[in-house]
Every structure is written in structure tokens, then in C-alpha cells.
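Here is the structure we will look at, set down as C-alpha cells.
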Amino acid sequence: MGDGAGIGPEVTVGALLDEATAGRCRPIVIGDAGRLRKAARILGVDAEVIAVDSVDDAVFTPGRINVIDLGLLPADLPWGAVSPVAGDAAYHYIRVASELATSGAAQAICTAPLNKEALHAAGHVFPGHTELLAHLTGTDEVSMMLATPAMKVIHVTTHIGLIDAVAAIEPGIVERTVRRGDRTLRDSGIESPRIGVCGINPHAGENGLFGYGEEDEKIVPALEKLRADGIDAQGPLPADTAFFLATRGEYDLIVAMYHDQGHGPVKVLGIETGVNITVGLPVIRTSVDHGTAFDIAGTGKAGSESMVEAIRQAANLCA
């Protein structure tokens, strides 16, 4: 359900009442039943929010939302404000979802947004869902992939500062990231993925004109190994044209070197339909590609399109 003070409860209710969602999967919310009922009232929809003790107790009928209710939120939790209580609850929602998925009781996890400040205030010091799920599942390294109808992007580094990101990029992590992306696309039915790999500097360094040879040092050796193994990884490409080429269909996947290099183009294309897929976990996990939107939380203005799309992609990955 994400952070209960944000738009997570609203987008969750909206997505689970969507007719297309009901036809794709059997969703169960890990969260707070009372908060979801409040969200339904705010949205002005007729939803039967029922607390269940386990996955096996869930009953799937039109208009019903099954919730494993952890009972961690106070009834008077304010909307749109950072709360350590909500941050702690959001952590435990993910913990329980991870346990259900790793045990096989659930086939995928789809997450509404959490608030990093609230998570940290509760004592859970993780940059976000991606790193938290890696910790909970004992996974050493994962990648963030953003998917829209027009383009898919996977990131070599994510939630670290730009200076630290450049320092962290090295041939090994570039190679592993591309391999994870290639495998994910093949698993989704693309037989020979075409992958474009961005450079770090403007114009991918332009033959040493910009930067200090980072592309040759950090990216080129990885691409040589990947191509030797039959992976179609092209680059380093100037990032200012790579994304355009992807939207034109020339690449199935773009590899971004750092957070904003990849997130910016994806969100310009349409944050409403963007989905975050964590690649490399032992479980399937997708997420909305937006934050907790405290400025509109509790107003009924939040759209559920990204959550519907995240659930759709999770269900497809399970097929």
C-alpha cells in the first residue's frame, strides 16, 4: 500500500477496482484496511474492503478488496505529512510482501510509493523500495528498470549523488546491468534485444573532448565482453540522442549510467503510465513510477493509471 500518508491508498483502491485488473490477477493488499476505506470514501467509490488473515482466506468478487491488515496506522493519521509511524508501517508492508513472495504464497509484488524521509525517520535507512527488497531477499545487486509503452530504461546506478555515481561506474557493474536487462527482455519474449548504452559525459565524451576518458575506461571494456558473448549492446551513445532513437524503435532497452539520465526522459514521456521493475531479485516486483505526492494526498485527485499498468506488467511477468 506504500506510505499511508501519501497517495498510495488512493491509487491502490483505484487500481483494484479497475475491471482490467480483476481480469489479470488475484490481488491482495498488504496494508491498513481502515486507511483503504478512507481512500475509497475520498474517491467516492463503492468498495468492500475486507481484512483477511492470509492469502488463502481471500475471496475474489467484484468490488471487494482483500487486505492483510497489519494494523499499524492510527485512525487520525494526517494526509500529506511525513510520519515516522507511516514510514515504519510502509517498511513492514514490504517485509510481509517479501515473505509471501519468497515463500511462493504470492507470485509477484506491486508497490505503491513510500516516502524516503518517513522511512528513515522510522529507523529504516534504505534509499527506497529497490534497495530494501534487495536487503530483505538477500540479493547482493539489483537494477532498476523503468518501462513505458514507448521505451524501457535500466540504470547502472540509482539513488546516490552524481559524483558518487560516476565513481561507482566501472566495467563490471556496467556488464552485469546490461546482462540483467538482456535476460529480462528475453524472458519477456524478445529473442534478440537491441540495447543502447549511454555514455557518462556530454556526447559520450566526443573522443576525449569532454571528461577524462571515462567512457573508454568504464564502459567500453564491458561492451566488448558483452558483444563477444552475442549480446547486442551498442555504445557508448550520446544520451541526448539515445532516448530519441529508442522511441523510434531502434533500441529495445537503453542503459542509463545514473538516476536522472534515465528518469528524466521516461517521466517526460508519461509518468502516468511509467512502471518501475526491479531486475535481479528472486521475486517479481513492479512499482508505480511516481512518489507519494503529499501535496494532493487525501484529495481524490491522484490517478491510478500507473498502478494499473504496474499490476499489468507484474501479471505479465508471471505468465
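Scheme for the C-alpha cells: letters A, B, ... for chains in order shown; per-chain residue numbers from 1; ligand numbers from 1 in order shown.
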Write down as an MDAnalysis selection string the residues belonging to stretch 34-213 of chain A that are assigned strand (DSSP E or B) by DSSP computed on the backbone.
chainID A and resid 48:51 64:69 108:111 143:147 152:155 194:198
In stretch 26-266 of chain A, DSSP alpha helix (DSSP H) residues written as a ChimeraX atom specification:
/A:33-43,84-103,116-121,129-136,162-168,171-187,214,220-228,239-247,259-266
Kindly provide the residues of stretch 7-108 of chain A that approach stretch 124-135 of chain A to within 12 Å, each paired with its closest atom pair and their distance in Å to one decimal, based on only C-alpha atoms, listed by chain and increasing number, as a Markdown table.
| residue | atom | partner | partner_atom | distance |
| --- | --- | --- | --- | --- |
| A:Pro84 | CA | A:His124 | CA | 9.8 |
| A:Val85 | CA | A:His124 | CA | 11.5 |
| A:Ala86 | CA | A:His124 | CA | 11.8 |
| A:Gly87 | CA | A:His124 | CA | 8.2 |
| A:Asp88 | CA | A:His124 | CA | 7.4 |
| A:Ala89 | CA | A:His124 | CA | 10.6 |
| A:Ala90 | CA | A:His129 | CA | 9.7 |
| A:Tyr91 | CA | A:His124 | CA | 7.4 |
| A:His92 | CA | A:His124 | CA | 10.1 |
| A:Tyr93 | CA | A:His129 | CA | 11.0 |
| A:Ile94 | CA | A:Leu133 | CA | 7.5 |
| A:Arg95 | CA | A:Leu133 | CA | 8.0 |
| A:Val96 | CA | A:Leu133 | CA | 10.9 |
| A:Ala97 | CA | A:Leu133 | CA | 9.6 |
| A:Ser98 | CA | A:Leu133 | CA | 7.2 |
| A:Glu99 | CA | A:Leu133 | CA | 10.4 |
| A:Ala101 | CA | A:Leu133 | CA | 11.0 |
| A:Thr102 | CA | A:Leu133 | CA | 11.0 |
Residue selection dump (N, CA and C atoms) as a PDB file, in the first residue's frame:
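So the final result, stored in out_1.pdb, reads:
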ATOM      1  N   PRO A  84       6.873   9.238  10.920  1.00  0.00           N
ATOM      2  CA  PRO A  84       7.654   8.030  11.220  1.00  0.00           C
ATOM      3  C   PRO A  84       6.780   6.795  11.373  1.00  0.00           C
ATOM      4  N   VAL A  85       5.561   6.983  11.882  1.00  0.00           N
ATOM      5  CA  VAL A  85       4.641   5.851  12.042  1.00  0.00           C
ATOM      6  C   VAL A  85       4.279   5.280  10.673  1.00  0.00           C
ATOM      7  N   ALA A  86       3.967   6.155   9.719  1.00  0.00           N
ATOM      8  CA  ALA A  86       3.640   5.702   8.368  1.00  0.00           C
ATOM      9  C   ALA A  86       4.862   5.096   7.689  1.00  0.00           C
ATOM     10  N   GLY A  87       6.046   5.664   7.961  1.00  0.00           N
ATOM     11  CA  GLY A  87       7.273   5.108   7.384  1.00  0.00           C
ATOM     12  C   GLY A  87       7.568   3.718   7.899  1.00  0.00           C
ATOM     13  N   ASP A  88       7.336   3.505   9.189  1.00  0.00           N
ATOM     14  CA  ASP A  88       7.546   2.177   9.772  1.00  0.00           C
ATOM     15  C   ASP A  88       6.539   1.178   9.210  1.00  0.00           C
ATOM     16  N   ALA A  89       5.298   1.617   9.072  1.00  0.00           N
ATOM     17  CA  ALA A  89       4.269   0.733   8.518  1.00  0.00           C
ATOM     18  C   ALA A  89       4.615   0.343   7.081  1.00  0.00           C
ATOM     19  N   ALA A  90       5.074   1.322   6.294  1.00  0.00           N
ATOM     20  CA  ALA A  90       5.431   1.041   4.897  1.00  0.00           C
ATOM     21  C   ALA A  90       6.543   0.002   4.822  1.00  0.00           C
ATOM     22  N   TYR A  91       7.495   0.090   5.749  1.00  0.00           N
ATOM     23  CA  TYR A  91       8.569  -0.910   5.797  1.00  0.00           C
ATOM     24  C   TYR A  91       7.990  -2.307   6.040  1.00  0.00           C
ATOM     25  N   HIS A  92       7.088  -2.418   6.992  1.00  0.00           N
ATOM     26  CA  HIS A  92       6.536  -3.734   7.331  1.00  0.00           C
ATOM     27  C   HIS A  92       5.614  -4.276   6.229  1.00  0.00           C
ATOM     28  N   TYR A  93       4.952  -3.391   5.482  1.00  0.00           N
ATOM     29  CA  TYR A  93       4.170  -3.873   4.345  1.00  0.00           C
ATOM     30  C   TYR A  93       5.081  -4.586   3.352  1.00  0.00           C
ATOM     31  N   ILE A  94       6.242  -3.990   3.100  1.00  0.00           N
ATOM     32  CA  ILE A  94       7.193  -4.598   2.158  1.00  0.00           C
ATOM     33  C   ILE A  94       7.788  -5.869   2.743  1.00  0.00           C
ATOM     34  N   ARG A  95       8.076  -5.852   4.026  1.00  0.00           N
ATOM     35  CA  ARG A  95       8.632  -7.056   4.661  1.00  0.00           C
ATOM     36  C   ARG A  95       7.676  -8.240   4.512  1.00  0.00           C
ATOM     37  N   VAL A  96       6.407  -8.029   4.801  1.00  0.00           N
ATOM     38  CA  VAL A  96       5.433  -9.111   4.699  1.00  0.00           C
ATOM     39  C   VAL A  96       5.250  -9.541   3.245  1.00  0.00           C
ATOM     40  N   ALA A  97       5.180  -8.585   2.343  1.00  0.00           N
ATOM     41  CA  ALA A  97       5.041  -8.923   0.926  1.00  0.00           C
ATOM     42  C   ALA A  97       6.225  -9.741   0.443  1.00  0.00           C
ATOM     43  N   SER A  98       7.412  -9.382   0.898  1.00  0.00           N
ATOM     44  CA  SER A  98       8.618 -10.123   0.521  1.00  0.00           C
ATOM     45  C   SER A  98       8.563 -11.552   1.044  1.00  0.00           C
ATOM     46  N   GLU A  99       8.098 -11.710   2.263  1.00  0.00           N
ATOM     47  CA  GLU A  99       7.989 -13.057   2.838  1.00  0.00           C
ATOM     48  C   GLU A  99       6.978 -13.907   2.065  1.00  0.00           C
ATOM     49  N   ALA A 101       6.128 -13.536  -1.077  1.00  0.00           N
ATOM     50  CA  ALA A 101       6.644 -13.831  -2.416  1.00  0.00           C
ATOM     51  C   ALA A 101       7.755 -14.866  -2.382  1.00  0.00           C
ATOM     52  N   THR A 102       8.663 -14.753  -1.440  1.00  0.00           N
ATOM     53  CA  THR A 102       9.776 -15.707  -1.393  1.00  0.00           C
ATOM     54  C   THR A 102       9.305 -17.097  -0.970  1.00  0.00           C
TER      55      THR A 102
END
Which residues come within 6 Å of stretch 170-182 of chain A, counting only C-alpha atoms, excluding same-chain residues fewer than 3 positions away, as a list of chain:residue names?
A:Val156, A:Leu185, A:Lys218, A:Ile219, A:Ala222
Take the residues just selected and output them with N, CA and C atoms as a compact mmCIF listing (two decimals), in the first residue's frame.
# COMPACT_ATOMS: atom_id res chain seq x y z
N VAL A 156 22.45 1.83 -14.33
CA VAL A 156 23.68 1.28 -13.74
C VAL A 156 23.81 1.70 -12.29
N LEU A 185 14.51 -8.93 -20.90
CA LEU A 185 13.82 -8.77 -22.18
C LEU A 185 13.62 -10.12 -22.87
N LYS A 218 35.48 3.00 -18.33
CA LYS A 218 34.44 2.40 -17.52
C LYS A 218 33.39 1.63 -18.31
N ILE A 219 33.20 1.95 -19.60
CA ILE A 219 32.10 1.38 -20.36
C ILE A 219 32.56 0.48 -21.51
N ALA A 222 33.36 -3.28 -20.93
CA ALA A 222 32.16 -4.09 -20.69
C ALA A 222 31.45 -4.41 -22.00
